[in-house]
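Here's the structure, in structure tokens; my notes come after.
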Amino acid sequence: MGRAPQPLPQYTPPGPVEQMPNMATQPQCSPLAKVHSAAVFPYVANEVATSRTEVGHLGVDVSLVPPAGICQYLIIWDFGVDWRHLKNIAKRDPLLAAQLIRFETDKSLQFQIVGYSDSTGGERNNSFLRTGRAKNVFHLFGPSARSRVFSVKPASHYEYLKDNTTVMNRAANRAVVVEIFGGGGGTI
């Protein structure tokens, strides 16, 4: 008769374990307000056409929320319906330009990029849009900032920035959120 198999000893690394350089620490941040809903609302007349203009539905295409703190959220709003690319007006926004320079030069920052969509249309298409929007924002980053992005992903199914009941809220949901984490443990 053979011996009963013995469990292998578990490996314990000597000393502290070094984190991967592109993996964010888990700072304690105030989460961005979100809505979880399975409700679907149809587009109204001219909503799609207006969404595809440079002006779109919203007066502001880029916002920084909150303006300072351990974590910040750069939000790029008002993508066109069924568009994954940014509008030229958003790409030229002074706030976005300033943040991209900051991302490239401040080596203490790490990022997660999350794409959003409104609820209209099939989930397969919305997931495609959310992913594509996040990837297109990632490609705006310079090489140094790109190396500190630890996730580029779509928002979860049924997760939105606003409810989808109005034209303005649907425009706000067609967005990308760049979650900005200060790596130094202090304020950003």
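Just so we're on the same page: first chain in the structure tokens is A, next is B, and so on; residues restart at 1 for each chain, and ligands are numbered from 1 in the order they show up.
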
_I need the residues in range 120-169 of chain A that are strand (DSSP E or B) according to DSSP; give them as an MDAnalysis selection string._
chainID A and resid 149:154 159:160

Include N, CA, C and O atoms and write out the residues we just selected as a PDB file, in the first residue's frame.
ATOM      1  N   VAL A 149      -2.160  53.278 -16.272  1.00  0.00           N
ATOM      2  CA  VAL A 149      -3.576  52.911 -16.334  1.00  0.00           C
ATOM      3  C   VAL A 149      -3.670  51.440 -15.962  1.00  0.00           C
ATOM      4  O   VAL A 149      -3.050  50.594 -16.586  1.00  0.00           O
ATOM      5  N   PHE A 150      -4.417  51.127 -14.918  1.00  0.00           N
ATOM      6  CA  PHE A 150      -4.502  49.741 -14.488  1.00  0.00           C
ATOM      7  C   PHE A 150      -5.768  49.044 -14.954  1.00  0.00           C
ATOM      8  O   PHE A 150      -5.894  47.825 -14.830  1.00  0.00           O
ATOM      9  N   SER A 151      -6.713  49.795 -15.574  1.00  0.00           N
ATOM     10  CA  SER A 151      -7.920  49.157 -16.087  1.00  0.00           C
ATOM     11  C   SER A 151      -8.594  50.070 -17.108  1.00  0.00           C
ATOM     12  O   SER A 151      -8.738  51.270 -16.867  1.00  0.00           O
ATOM     13  N   VAL A 152      -8.989  49.474 -18.219  1.00  0.00           N
ATOM     14  CA  VAL A 152      -9.815  50.131 -19.240  1.00  0.00           C
ATOM     15  C   VAL A 152     -10.979  49.184 -19.455  1.00  0.00           C
ATOM     16  O   VAL A 152     -10.789  48.062 -19.929  1.00  0.00           O
ATOM     17  N   LYS A 153     -12.181  49.610 -19.080  1.00  0.00           N
ATOM     18  CA  LYS A 153     -13.287  48.651 -19.072  1.00  0.00           C
ATOM     19  C   LYS A 153     -14.633  49.329 -19.277  1.00  0.00           C
ATOM     20  O   LYS A 153     -14.770  50.548 -19.088  1.00  0.00           O
ATOM     21  N   PRO A 154     -15.639  48.535 -19.620  1.00  0.00           N
ATOM     22  CA  PRO A 154     -16.999  49.070 -19.690  1.00  0.00           C
ATOM     23  C   PRO A 154     -17.631  49.083 -18.305  1.00  0.00           C
ATOM     24  O   PRO A 154     -17.277  48.272 -17.442  1.00  0.00           O
ATOM     25  N   GLU A 159     -25.590  49.891 -15.062  1.00  0.00           N
ATOM     26  CA  GLU A 159     -24.948  50.932 -14.258  1.00  0.00           C
ATOM     27  C   GLU A 159     -24.815  52.203 -15.104  1.00  0.00           C
ATOM     28  O   GLU A 159     -24.255  52.161 -16.196  1.00  0.00           O
ATOM     29  N   TYR A 160     -25.324  53.306 -14.581  1.00  0.00           N
ATOM     30  CA  TYR A 160     -25.342  54.574 -15.305  1.00  0.00           C
ATOM     31  C   TYR A 160     -24.917  55.710 -14.376  1.00  0.00           C
ATOM     32  O   TYR A 160     -24.951  55.575 -13.161  1.00  0.00           O
TER      33      TYR A 160
END

_Gln112 in chain A environment, 12 Å, only C-alpha atoms, sequence neighbours closer than 4 positions dropped, as a PyMOL selection string_ = chain A and resi 22-26+71-75+134-135+137-138+145-155+176-182

*Interatomic distance, CA of Phe79 in chain A to CA of Met168 in chain A (Å, one decimal)*: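 The value is 11.8 Å.
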
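Remark: for Lys87 in chain A, the closest of the candidate residues A:Leu161, A:Val55, A:Ile101, A:Ala33 is A:Val55 (distances computed over only C-alpha atoms).
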
_range 119-129 of chain A surroundings by only C-alpha atoms, 10 Å radius, close-in-sequence under 5 positions cut, as a PyMOL selection string_ = chain A and resi 37-43+79+81-85+134-135+153-160+163-165+170+173-175

*Go ahead and compute the interatomic distance for CA of Leu96 in chain A and CA of His36 in chain A, in Å to one decimal.*
27.4 Å

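Closest approach to Arg102 in chain A among A:Gly142, A:Asn46, A:Cys29, A:Val167: A:Gly142, based on only C-alpha atoms.
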
*Spatial neighbours of Lys91 in chain A, 10 Å, only C-alpha atoms, chain gap at least 6 places, as a ChimeraX atom specification*: /A:61-62,76,85,97,137,140

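Going from CA of Arg130 in chain A to CA of Ser117 in chain A covers 5.7 Å.
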